[in-house]
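Undergrad: This is the content of entry.cif (mmCIF, C-alpha atoms and all ligand atoms):
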data_model
#
loop_
_atom_site.label_atom_id
_atom_site.label_comp_id
_atom_site.auth_asym_id
_atom_site.auth_seq_id
_atom_site.Cartn_x
_atom_site.Cartn_y
_atom_site.Cartn_z
CA MET H 21 0.00 0.00 0.00
CA LYS H 22 1.27 3.45 -0.86
CA LEU H 23 0.24 6.56 1.03
CA ILE H 24 0.19 10.03 -0.51
CA ALA H 25 -0.81 13.40 0.95
CA LEU H 26 -2.55 15.53 -1.68
CA PRO H 27 -2.54 19.19 -0.62
CA ALA H 28 -5.88 20.98 -0.97
CA PHE H 29 -7.03 24.55 -0.23
CA SER H 30 -4.50 26.36 1.96
CA ASP H 31 -3.73 23.69 4.56
CA ASN H 32 -5.83 20.55 4.02
CA TYR H 33 -4.48 17.14 3.08
CA ILE H 34 -6.55 14.64 1.13
CA TRP H 35 -4.94 11.29 2.00
CA LEU H 36 -4.73 8.82 -0.86
CA LEU H 37 -3.94 5.14 -0.43
CA HIS H 38 -3.34 2.82 -3.37
CA ASP H 39 -2.14 -0.69 -4.25
CA ASP H 40 -1.09 0.18 -7.84
CA HIS H 41 -4.54 -0.81 -9.09
CA HIS H 42 -7.15 0.69 -6.77
CA ALA H 43 -7.11 3.94 -4.87
CA LEU H 44 -8.97 5.25 -1.87
CA VAL H 45 -9.12 8.87 -0.70
CA VAL H 46 -10.05 10.34 2.65
CA ASP H 47 -11.92 13.63 3.11
CA PRO H 48 -11.85 15.08 -0.43
CA GLY H 49 -12.90 18.66 0.26
CA ASP H 50 -12.02 19.43 -3.36
CA SER H 51 -12.18 17.07 -6.34
CA ALA H 52 -9.52 18.89 -8.41
CA PRO H 53 -6.32 17.60 -6.69
CA VAL H 54 -7.69 14.03 -6.75
CA LEU H 55 -8.77 14.16 -10.39
CA ALA H 56 -5.41 15.67 -11.38
CA TRP H 57 -3.56 12.86 -9.57
CA LEU H 58 -5.78 10.21 -11.19
CA GLN H 59 -5.10 11.71 -14.60
CA GLN H 60 -1.35 11.40 -13.96
CA HIS H 61 -1.83 7.74 -12.88
CA PRO H 62 -4.11 6.27 -15.57
CA GLY H 63 -3.68 2.68 -14.35
CA LEU H 64 -5.31 3.48 -11.03
CA GLN H 65 -8.99 3.46 -10.30
CA LEU H 66 -10.53 5.43 -7.46
CA ASP H 67 -13.18 3.11 -6.03
CA MET H 68 -13.57 4.15 -2.38
CA ILE H 69 -13.94 7.47 -0.59
CA LEU H 70 -13.87 7.73 3.19
CA VAL H 71 -15.24 10.72 5.08
CA THR H 72 -14.56 11.56 8.74
CA HIS H 73 -17.09 14.37 9.27
CA HIS H 74 -19.53 16.63 7.48
CA HIS H 75 -17.56 19.90 7.12
CA ALA H 76 -17.32 21.26 3.59
CA ASP H 77 -13.50 21.18 3.48
CA HIS H 78 -13.82 17.37 3.87
CA THR H 79 -16.89 16.70 1.70
CA GLY H 80 -16.91 19.40 -1.01
CA GLY H 81 -15.38 17.13 -3.68
CA LEU H 82 -17.67 14.14 -3.12
CA SER H 83 -20.33 14.65 -5.77
CA ASP H 84 -17.81 15.52 -8.46
CA LEU H 85 -15.59 12.52 -7.63
CA VAL H 86 -18.55 10.14 -7.54
CA ALA H 87 -19.74 11.51 -10.89
CA HIS H 88 -16.28 11.05 -12.46
CA THR H 89 -15.30 7.69 -10.95
CA GLY H 90 -18.39 5.95 -9.57
CA ALA H 91 -16.47 5.40 -6.32
CA GLN H 92 -18.35 4.21 -3.26
CA VAL H 93 -18.56 6.58 -0.30
CA ALA H 94 -18.48 5.63 3.39
CA GLY H 95 -18.86 8.20 6.15
CA PRO H 96 -20.26 8.87 9.60
CA ALA H 97 -23.66 7.26 10.23
CA LEU H 98 -24.66 10.17 12.46
CA GLU H 99 -23.97 13.00 9.99
CA ASN H 100 -25.52 14.13 6.71
CA MET H 101 -23.45 13.54 3.60
CA PRO H 102 -24.01 15.41 0.31
CA VAL H 103 -24.05 12.09 -1.62
CA ALA H 104 -25.34 8.59 -0.91
CA ALA H 105 -22.95 7.02 1.58
CA GLN H 106 -22.58 3.91 3.68
CA GLY H 107 -23.03 4.99 7.32
CA LEU H 108 -20.34 3.81 9.72
CA GLN H 109 -19.93 3.99 13.48
CA GLN H 110 -17.98 2.59 16.42
CA GLY H 111 -17.01 -1.04 15.93
CA ASP H 112 -17.86 -1.20 12.23
CA THR H 113 -15.28 -2.51 9.80
CA LEU H 114 -14.87 -1.84 6.12
CA ASP H 115 -12.98 -4.20 3.82
CA TRP H 116 -11.18 -2.72 0.83
CA HIS H 117 -9.00 -4.95 -1.40
CA GLY H 118 -7.63 -7.02 1.48
CA LEU H 119 -7.35 -4.11 3.87
CA ARG H 120 -9.64 -4.05 6.90
CA LEU H 121 -10.46 -0.59 8.24
CA GLN H 122 -11.76 -0.22 11.78
CA VAL H 123 -14.12 2.63 12.63
CA HIS H 124 -13.91 4.63 15.87
CA ASP H 125 -16.43 7.20 17.05
CA VAL H 126 -14.51 10.34 17.99
CA PRO H 127 -17.08 13.04 18.85
CA GLY H 128 -15.86 16.52 19.80
CA HIS H 129 -15.02 18.57 16.69
CA THR H 130 -18.41 17.41 15.36
CA LEU H 131 -20.83 15.07 17.10
CA GLY H 132 -20.74 12.24 14.57
CA HIS H 133 -17.01 12.46 13.71
CA ILE H 134 -15.41 9.08 12.99
CA ALA H 135 -11.82 7.93 12.51
CA PHE H 136 -10.43 5.01 10.49
CA TRP H 137 -7.60 2.77 11.70
CA THR H 138 -6.03 0.07 9.54
CA HIS H 139 -2.95 -2.13 9.54
CA PRO H 140 -1.60 -2.81 6.02
CA ALA H 141 0.39 -6.06 5.83
CA GLY H 142 4.09 -5.53 6.50
CA GLN H 143 3.66 -1.79 7.23
CA ALA H 144 3.00 0.40 10.23
CA PRO H 145 -0.70 1.00 10.92
CA LEU H 146 -2.52 4.09 9.65
CA LEU H 147 -4.99 6.38 11.36
CA PHE H 148 -7.18 8.78 9.39
CA CYS H 149 -8.47 11.05 12.12
CA GLY H 150 -9.84 14.05 10.22
CA ASP H 151 -10.04 17.11 12.48
CA THR H 152 -9.91 15.25 15.81
CA LEU H 153 -6.18 14.80 16.45
CA PHE H 154 -3.66 17.15 14.84
CA SER H 155 0.08 16.96 15.28
CA GLY H 156 0.69 18.96 18.45
CA GLY H 157 -2.98 19.86 18.77
CA CYS H 158 -6.61 18.84 18.39
CA GLY H 159 -9.68 20.07 16.57
CA ARG H 160 -11.86 22.89 17.80
CA LEU H 161 -14.98 21.92 19.71
CA PHE H 162 -17.70 23.06 17.30
CA GLU H 163 -20.36 20.54 18.35
CA GLY H 164 -19.09 18.33 21.15
CA THR H 165 -18.06 18.88 24.76
CA PRO H 166 -14.56 18.88 26.26
CA ALA H 167 -15.41 15.58 28.00
CA GLN H 168 -16.29 13.99 24.65
CA MET H 169 -13.12 15.25 22.96
CA LEU H 170 -10.92 14.12 25.86
CA ASP H 171 -12.48 10.67 25.68
CA SER H 172 -12.06 10.56 21.89
CA LEU H 173 -8.38 11.54 22.14
CA ASP H 174 -7.84 8.98 24.93
CA ARG H 175 -9.14 6.26 22.63
CA LEU H 176 -6.98 7.35 19.71
CA ALA H 177 -3.94 7.60 22.01
CA ALA H 178 -4.49 3.96 23.01
CA LEU H 179 -3.85 2.73 19.45
CA PRO H 180 -0.47 1.08 18.72
CA ASP H 181 2.67 3.22 19.14
CA ASP H 182 3.80 2.93 15.54
CA THR H 183 0.46 4.07 14.10
CA ARG H 184 1.05 6.70 11.41
CA VAL H 185 -1.31 9.56 12.21
CA CYS H 186 -2.80 11.12 9.06
CA CYS H 187 -4.42 14.41 10.10
CA ALA H 188 -6.54 16.43 7.68
CA HIS H 189 -4.68 19.73 8.14
CA GLU H 190 -1.11 21.01 8.15
CA TYR H 191 -1.49 22.93 11.41
CA THR H 192 1.66 21.52 12.99
CA LEU H 193 3.90 24.58 13.29
CA SER H 194 1.27 26.81 14.88
CA ASN H 195 0.23 23.96 17.19
CA LEU H 196 3.84 23.41 18.25
CA LYS H 197 4.26 27.11 19.00
CA PHE H 198 1.40 26.85 21.48
CA ALA H 199 2.65 23.48 22.79
CA LEU H 200 6.04 25.03 23.57
CA ALA H 201 4.35 27.83 25.52
CA VAL H 202 2.46 25.26 27.62
CA ASP H 203 5.20 22.64 27.99
CA PRO H 204 8.51 24.52 27.52
CA ASP H 205 10.78 21.99 29.27
CA ASN H 206 9.68 19.06 27.07
CA ASN H 207 12.84 18.02 25.18
CA ALA H 208 11.00 15.70 22.80
CA LEU H 209 8.71 18.59 21.91
CA ARG H 210 11.62 20.94 21.25
CA ASP H 211 13.31 18.34 19.02
CA HIS H 212 10.09 17.68 17.14
CA ALA H 213 9.48 21.41 16.61
CA GLN H 214 12.94 21.71 14.99
CA THR H 215 12.33 18.70 12.75
CA CYS H 216 8.96 20.08 11.62
CA ALA H 217 10.29 23.60 11.02
CA SER H 218 12.90 22.25 8.61
CA LEU H 219 10.34 20.00 6.89
CA ARG H 220 8.11 23.03 6.27
CA GLN H 221 11.06 25.08 5.05
CA GLN H 222 11.49 22.46 2.32
CA ASN H 223 7.73 22.51 1.72
CA HIS H 224 7.34 18.89 2.94
CA PRO H 225 4.35 17.76 5.02
CA THR H 226 5.01 17.22 8.74
CA LEU H 227 2.64 14.25 8.45
CA PRO H 228 2.10 11.43 8.96
CA VAL H 229 3.53 11.45 12.47
CA ALA H 230 4.00 8.44 14.75
CA LEU H 231 1.42 8.15 17.52
CA SER H 232 4.29 7.57 19.99
CA THR H 233 5.64 11.01 19.03
CA GLU H 234 2.23 12.60 19.56
CA ARG H 235 1.96 11.02 23.00
CA ALA H 236 5.33 12.58 23.88
CA ILE H 237 4.73 16.09 22.49
CA ASN H 238 1.02 16.88 22.11
CA PRO H 239 -0.30 18.86 25.10
CA PHE H 240 -3.86 17.70 24.32
CA LEU H 241 -2.73 14.08 24.85
CA ARG H 242 -0.71 15.15 27.92
CA SER H 243 -3.21 17.33 29.79
CA ARG H 244 -3.07 15.00 32.80
CA THR H 245 0.73 15.09 33.07
CA GLY H 246 2.38 17.23 35.77
CA PRO H 247 3.95 19.93 33.58
CA VAL H 248 0.92 20.45 31.32
CA SER H 249 -1.75 20.41 34.03
CA ALA H 250 0.33 22.76 36.23
CA ALA H 251 0.75 25.23 33.35
CA VAL H 252 -2.97 25.14 32.52
CA ARG H 253 -3.98 25.61 36.16
CA GLN H 254 -1.65 28.55 36.47
CA HIS H 255 -3.16 30.09 33.34
CA ASP H 256 -6.82 29.45 34.20
CA ALA H 257 -8.22 28.96 37.70
CA SER H 258 -11.25 27.06 36.35
CA ALA H 259 -8.96 24.08 35.63
CA ARG H 260 -9.40 21.60 38.47
CA ASP H 261 -10.09 18.02 37.37
CA ASP H 262 -9.13 16.22 34.13
CA VAL H 263 -12.06 17.52 32.06
CA SER H 264 -11.92 21.14 33.23
CA THR H 265 -8.15 21.15 32.70
CA PHE H 266 -8.59 19.84 29.16
CA ALA H 267 -11.36 22.41 28.56
CA ALA H 268 -9.15 25.25 29.84
CA LEU H 269 -6.28 24.06 27.64
CA ARG H 270 -8.53 24.06 24.56
CA THR H 271 -9.83 27.56 25.44
CA TRP H 272 -6.28 28.81 25.97
CA LYS H 273 -5.30 27.60 22.49
CA ASN H 274 -8.32 29.37 20.95
CA THR H 275 -7.00 32.76 22.13
CA PHE H 276 -3.27 32.10 21.83
ZN ZN H 301 -13.71 20.08 10.35
FE FE H 302 -11.20 20.55 8.37
#
Show me, as structure tokens, the structure contained in the file I just sent.

TA:
Amino acid sequence: MKLIALPAFSDNYIWLLHDDHHALVVDPGDSAPVLAWLQQHPGLQLDMILVTHHHADHTGGLSDLVAHTGAQVAGPALENMPVAAQGLQQGDTLDWHGLRLQVHDVPGHTLGHIAFWTHPAGQAPLLFCGDTLFSGGCGRLFEGTPAQMLDSLDRLAALPDDTRVCCAHEYTLSNLKFALAVDPDNNALRDHAQTCASLRQQNHPTLPVALSTERAINPFLRSRTGPVSAAVRQHDASARDDVSTFAALRTWKNTF
């Protein structure tokens, strides 16, 4: 299986997975980058489209791609899709050319948001998590509660260490700037920020990123640790228990 990040809009990635014959894309907010790639790879057929949540920057290309390719669409059972789609939720699996994808409910950014985890043979696993987990950050809480998002991130963080996290946006550098303000003595975070800065200088994606790295550097996966919770509580007196600390951290980021 080969994994490609197709840039879209100003900072989205449309993830494309292919086996040299069939291709799958995740969250095509725009059809143009996908159709251009397919035109450059005439031996490949797009036959599956996965969607993590209903926002337009993840669904805007669906009708055009379905019209051009006839690909099947699978997305969150609890959200409206602009095209006919198979509805998926927690515990469901989807089989695609020998690859089994597992579906996780990850409410928070939106209420029906789902994520896909899969383990291609002989490769590290993959997680397509949309706007739930970002490198160094997490999605904004447009529909869900802090408690829901914390629980969703806990469940993603429990996936295998070597999982390659495929986020839907290149938000890494601005997330890491905030992370360094919250968790300044974290050496792994400082190292990762340097690595990512040089990747961006060369116009390379900072993604995918190993889940083990995220657990070491992402303040939203570390809100219960001593340094992060102390910093949040110093910043915002409403932070007391796990959920209020996570909520205060998310609010802090919104105004950073
Ligand atoms: Zn979104
Ligand atoms: Fe988005």

Undergrad: I need the residue nearest ligand ZN 301 (chain H) from this list: H:Gly128, H:Pro140, H:Pro180, H:Gly246. Use all atoms listed in the file for the distance.

TA: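 Smallest separation from ligand ZN 301 (chain H) among the options: H:Gly128.
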
Undergrad: At a cut-off of 8 Å around ligand FE 302 (chain H), and using all atoms listed in the file, what residues come up? Please write them as a ChimeraX atom specification.

TA: /H:32,75-78,150-151,188-189

Undergrad: Just the number, please: distance in Å from CA of Pro27 (chain H) to CA of Pro53 (chain H), one decimal.

TA: 7.3 Å

Undergrad: Set the cut-off to 12 Å, count only C-alpha atoms and all ligand atoms, and list whatever residues fall near ligand ZN 301 (chain H) as a compact mmCIF listing (two decimals) with C-alpha atoms, in the frame of the given file.

TA:
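Saved result, result-v7.txt, follows:
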# COMPACT_ATOMS: atom_id res chain seq x y z
CA ASN H 32 -5.83 20.55 4.02
CA ASP H 47 -11.92 13.63 3.11
CA GLY H 49 -12.90 18.66 0.26
CA VAL H 71 -15.24 10.72 5.08
CA THR H 72 -14.56 11.56 8.74
CA HIS H 73 -17.09 14.37 9.27
CA HIS H 74 -19.53 16.63 7.48
CA HIS H 75 -17.56 19.90 7.12
CA ALA H 76 -17.32 21.26 3.59
CA ASP H 77 -13.50 21.18 3.48
CA HIS H 78 -13.82 17.37 3.87
CA THR H 79 -16.89 16.70 1.70
CA GLY H 80 -16.91 19.40 -1.01
CA PRO H 127 -17.08 13.04 18.85
CA GLY H 128 -15.86 16.52 19.80
CA HIS H 129 -15.02 18.57 16.69
CA THR H 130 -18.41 17.41 15.36
CA LEU H 131 -20.83 15.07 17.10
CA GLY H 132 -20.74 12.24 14.57
CA HIS H 133 -17.01 12.46 13.71
CA ILE H 134 -15.41 9.08 12.99
CA CYS H 149 -8.47 11.05 12.12
CA GLY H 150 -9.84 14.05 10.22
CA ASP H 151 -10.04 17.11 12.48
CA THR H 152 -9.91 15.25 15.81
CA LEU H 153 -6.18 14.80 16.45
CA PHE H 154 -3.66 17.15 14.84
CA CYS H 158 -6.61 18.84 18.39
CA GLY H 159 -9.68 20.07 16.57
CA ARG H 160 -11.86 22.89 17.80
CA LEU H 161 -14.98 21.92 19.71
CA PHE H 162 -17.70 23.06 17.30
CA GLU H 163 -20.36 20.54 18.35
CA CYS H 187 -4.42 14.41 10.10
CA ALA H 188 -6.54 16.43 7.68
CA HIS H 189 -4.68 19.73 8.14

Undergrad: CA of Ala94 (chain H) to CA of Met68 (chain H): how many Å, to one decimal?

TA: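 Separating CA of Ala94 (chain H) from CA of Met68 (chain H) is a distance of 7.7 Å.
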
Undergrad: Just the number, please: distance in Å from CA of Phe198 (chain H) to CA of Leu26 (chain H), one decimal.

TA: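 Atom-to-atom, CA of Phe198 (chain H) and CA of Leu26 (chain H) are spaced 26.1 Å apart.
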
Undergrad: Taking all atoms listed in the file into account, which of H:Glu190, H:Leu200, H:Thr265, H:Ser155 comes nearest Thr233 (chain H)?

TA: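 Residue with the minimum atom-to-atom distance to Thr233 (chain H): H:Ser155.
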
Undergrad: For a quick check of understanding, using all atoms listed in the file, which of H:Thr271, H:Thr89, H:Ser172, H:Gln65 has the smallest distance to Gln110 (chain H)?

TA: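 Counting all atoms listed in the file, the residue closest to Gln110 (chain H) is H:Ser172.
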
Undergrad: Taking 6 positions as the minimum chain separation for residues in the same chain, which residues sit within 9 Å of region 116-122 of chain H when counting all atoms listed in the file? Answer as a PyMOL selection string.

TA: chain H and resi 39+42+44+68+110+135-141

Undergrad: Nearest to Thr226 (chain H) among H:Gln214, H:Ile69, H:Trp57, H:Leu98, with distances taken over all atoms listed in the file: which residue is it?

TA: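 Between H:Gln214, H:Ile69, H:Trp57, H:Leu98, the residue approaching Thr226 (chain H) most closely is H:Gln214.
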
Undergrad: Which residues come within 10 Å of Val263 (chain H), counting only C-alpha atoms, excluding same-chain residues fewer than 4 positions away, as number ranges by chain?

TA: H: 165-171, 243-244, 259, 267-269

Undergrad: For Ala230 (chain H), list every protein, DNA or RNA residue within 7 Å, evaluated using all atoms listed in the file, and leave out those in the same chain fewer than 5 positions away; present the list as a VMD selection string.

TA: chain H and resid 181 to 185

Undergrad: When distances are computed from all atoms listed in the file, which of H:Leu173, H:Ala144, H:Ala201, H:Ala28 shows the smallest separation from Arg242 (chain H)?

TA: H:Leu173

Undergrad: For Arg220 (chain H), which residue among H:Val202, H:Leu193, H:Leu179, H:Val123 is the nearest when counting all atoms listed in the file?

TA: H:Leu193

Undergrad: Since the input is missing atoms, can you rebuild N, CA and C atoms for region 208-228 of chain H and write them as a compact mmCIF listing (two decimals), keeping the file's coordinate frame?

TA:
# COMPACT_ATOMS: atom_id res chain seq x y z
N ALA H 208 11.51 16.36 24.01
CA ALA H 208 11.00 15.70 22.80
C ALA H 208 10.22 16.70 21.95
N LEU H 209 9.49 17.56 22.62
CA LEU H 209 8.71 18.59 21.91
C LEU H 209 9.64 19.57 21.20
N ARG H 210 10.69 20.00 21.89
CA ARG H 210 11.62 20.94 21.25
C ARG H 210 12.28 20.31 20.02
N ASP H 211 12.69 19.04 20.16
CA ASP H 211 13.31 18.34 19.02
C ASP H 211 12.33 18.24 17.86
N HIS H 212 11.09 17.87 18.19
CA HIS H 212 10.09 17.68 17.14
C HIS H 212 9.80 19.01 16.44
N ALA H 213 9.75 20.10 17.20
CA ALA H 213 9.48 21.41 16.61
C ALA H 213 10.59 21.77 15.61
N GLN H 214 11.83 21.43 15.92
CA GLN H 214 12.94 21.71 14.99
C GLN H 214 12.80 20.88 13.72
N THR H 215 12.51 19.59 13.90
CA THR H 215 12.33 18.70 12.75
C THR H 215 11.23 19.24 11.83
N CYS H 216 10.11 19.63 12.42
CA CYS H 216 8.96 20.08 11.62
C CYS H 216 9.25 21.41 10.94
N ALA H 217 9.96 22.30 11.64
CA ALA H 217 10.29 23.60 11.02
C ALA H 217 11.12 23.37 9.77
N SER H 218 12.08 22.44 9.82
CA SER H 218 12.90 22.25 8.61
C SER H 218 12.11 21.52 7.53
N LEU H 219 11.20 20.62 7.91
CA LEU H 219 10.34 20.00 6.89
C LEU H 219 9.51 21.06 6.15
N ARG H 220 8.96 22.00 6.90
CA ARG H 220 8.11 23.03 6.27
C ARG H 220 8.93 23.98 5.42
N GLN H 221 10.19 24.23 5.86
CA GLN H 221 11.06 25.08 5.05
C GLN H 221 11.27 24.47 3.67
N GLN H 222 11.32 23.13 3.61
CA GLN H 222 11.49 22.46 2.32
C GLN H 222 10.14 22.14 1.66
N ASN H 223 9.07 22.71 2.24
CA ASN H 223 7.73 22.51 1.72
C ASN H 223 7.26 21.05 1.78
N HIS H 224 7.79 20.27 2.73
CA HIS H 224 7.34 18.89 2.94
C HIS H 224 6.26 18.88 4.02
N PRO H 225 5.32 17.92 3.93
CA PRO H 225 4.35 17.76 5.02
C PRO H 225 5.06 17.34 6.31
N THR H 226 4.51 17.72 7.45
CA THR H 226 5.01 17.22 8.74
C THR H 226 4.33 15.91 9.09
N LEU H 227 3.47 15.43 8.20
CA LEU H 227 2.64 14.25 8.45
C LEU H 227 2.93 13.19 7.41
N PRO H 228 2.63 11.90 7.68
CA PRO H 228 2.10 11.43 8.96
C PRO H 228 3.14 11.48 10.07
